[in-house]
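Beneath this line is the structure, given in structure tokens, with notes to follow.
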Amino acid sequence: MQDKRKIIIDTDPGQDDAVAILLALASPELDVLGLTAVAGNVPLHLTQKNAMKICELAGKPDTKVFSGAIRPLVRQLVTAEEVHGKTGLNGPSLPEPTMKLQDQHAVDFIVETIMREPPATVTLCPLGPLTNIALAMSREPRIVPRIQEIVLMGGGLFEGGNVTPTAEFNIYVDPHAADIVLKCGAPIVMMPLDVTHKALTTAKRIAAIRALGTKVGIATAELLEFFERFDEDKYGTDGGPLHDPCVIAYLLQPDLFGGRFINVSVETASELTMGMTVADWWGVTKREKNVTYMRDIDHDGFYALLTERLARLP
């Protein structure tokens with residue numbers, strides 16, 4: 001039997017983060033070493049609580065959750081309660097978590113884990129702003145060549161931005177952290193809006209998840225129904241994009257996705273385009289290629305995988 005893939009999920013839950021965490025915890029191919037919370041969709045005191053709520057919903061209260069960066073490296077924190085609700089997990093009624101945060105800081109956990117595990121055996125899965133990851137790399141640069149892969153949700157090219165005309169939320173919240181990560185030299189796979197906007201929830205797909213009839217299935221359907229309303233109004237679509245689970249789905253079935261190896265750089269100087277991911281899809285610059293940038297997704301296959309895995313949880 002192939003060894004499980006060791007991952008650290010860096011997250012700011014967020015309904016779509018929650019579904020990504022559930023997908024990971026339901027998948028025996030993955031060894032979730034820990035969840036590291038970061039400020040993003042809502043402030044840190046809520047994202048860390050939400051991470052624990054989802055672990056308990058999944059029936060995995062032994063999952064280690066660590067508290068991380070309370071704000072971006074340089075700029076003031078921007079949050080997204082208008083999308084996710086005041087709690088970040090509006091939709092279902094989830095009980096307060098009984099599990100406790102780990103005492104260790106998220107950044108220290110990331111550094112210690114990557115330095116302890118054999119080289120190229122730990123994959124980082126950032127689902128929110130990249131503050132924790134950039135801090136870990138800055139604190140201990142020796143972790144970078146030891147990282148197996150960074151698979152992140154962020155950015156956009158053909159779809160533009162979702163928080164400004166040019167910037168996707170995760171990158172916009174901490175563009176300076178994103179700049180550090182994209183320049184680090186580790187293997188990076190990016191799931192931008194160009195992919196996630198093709199992974200629409202739709203009423204039929206949510207109904208299939210609710211029809212699982214389990215606690216997780218019903219809660220997930222309620223999370224998605226709340227989450228999609230904002231983007232349905234914004235884009236006029238049946239359903240909203242399901243961003244973060246694309247990261248975990250890629251680890252499980254990479255053939256669901258298609259893209260190319262290109263250069264991606266982040267704008268950190270212009271207020272007009274702050275946080276823009278300048279993706280050289282057509283190879284018109286001589287900038288060094290640093291990111292496998294995804295553009296296509298088998299959306300039916302993606303939802304089939306998600307629904308099948310959610311059915312494994314209580």
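Within each chain, counting starts at residue 1; across the structure tokens, chains are named A, B, ... in the order shown, with ligands numbered 1 upward in that order.
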Q: Would you return as an MDAnalysis selection string the members of region 71-233 of chain A that DSSP assigns to strand (DSSP E or B) on this structure's backbone?
A: chainID A and resid 122:126 147:153 167 188:191 200
Give me the residues near Tyr250 (chain A) as a PyMOL selection string, where near means some atom within 10 Å (using only C-alpha atoms) and where sequence neighbours in that chain fewer than 5 positions away do not count. chain A and resi 151+189+191+245+255-257+297+302
Can those selected residues be exported to a file as a tab-separated table (two decimals), in the first residue's frame so that it contains N, CA and C atoms?
```
chain	number	residue	atom	x	y	z
A	151	VAL	N	0.43	23.36	-2.68
A	151	VAL	CA	-0.77	23.41	-3.53
A	151	VAL	C	-1.71	24.42	-2.88
A	189	VAL	N	1.73	24.53	-7.02
A	189	VAL	CA	0.55	24.36	-7.87
A	189	VAL	C	-0.49	25.37	-7.41
A	191	MET	N	-4.36	26.94	-7.69
A	191	MET	CA	-5.76	26.80	-8.10
A	191	MET	C	-6.39	28.19	-8.09
A	245	PRO	N	-11.81	23.40	-1.91
A	245	PRO	CA	-11.73	21.95	-2.09
A	245	PRO	C	-10.96	21.52	-3.34
A	255	ASP	N	-5.60	14.27	-12.19
A	255	ASP	CA	-6.06	14.25	-13.58
A	255	ASP	C	-7.39	14.97	-13.77
A	256	LEU	N	-8.02	15.42	-12.68
A	256	LEU	CA	-9.23	16.23	-12.80
A	256	LEU	C	-8.92	17.64	-13.30
A	257	PHE	N	-7.63	18.02	-13.27
A	257	PHE	CA	-7.25	19.40	-13.54
A	257	PHE	C	-6.28	19.47	-14.71
A	297	ILE	N	-10.88	22.16	-15.23
A	297	ILE	CA	-11.32	21.18	-14.24
A	297	ILE	C	-12.43	20.33	-14.82
A	302	PHE	N	-15.06	16.22	-10.23
A	302	PHE	CA	-14.74	16.87	-8.96
A	302	PHE	C	-15.88	16.68	-7.96
```
Q.
Can you measure CA of Asp179 (chain A) to CA of Leu252 (chain A) for me? One decimal in Å is fine.
A.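 These atoms are spaced 27.2 Å apart.
Residue nearest Thr166 (chain A), chosen from A:Val74, A:Leu89, A:Leu310, A:Met276 and counting only C-alpha atoms: A:Met276.
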Pairwise distance, CA of Val163 (chain A) with CA of Lys86 (chain A), equals 17.7 Å
- request: Extract the full set of helix (DSSP H, G or I) residues from region 134-312 of chain A according to DSSP on the backbone, and format it as a PyMOL selection string.
  value: chain A and resi 134-139+141-146+169-173+175-182+193-196+203-210+215-235+245-252+254-256+299-310
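Of the listed residues (A:Ala219, A:Ala211, A:Val247, A:Ser265), A:Val247 comes nearest to Glu149 (chain A); the distances count only C-alpha atoms.
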Using only C-alpha atoms, the shortest atom-to-atom distance to Asp296 (chain A) among A:Ala186, A:Val195, A:Leu251, A:Ala37 belongs to A:Val195
A straight line from CA of Leu223 (chain A) to CA of Gly301 (chain A) spans 20.9 Å
Using only C-alpha atoms, which of the listed residues (A:Ala178, A:Val65, A:Leu25, A:Ile114) sits closest to Arg146 (chain A)?
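Looking only at the distances to Arg146 (chain A), the closest residue turns out to be A:Ile114.
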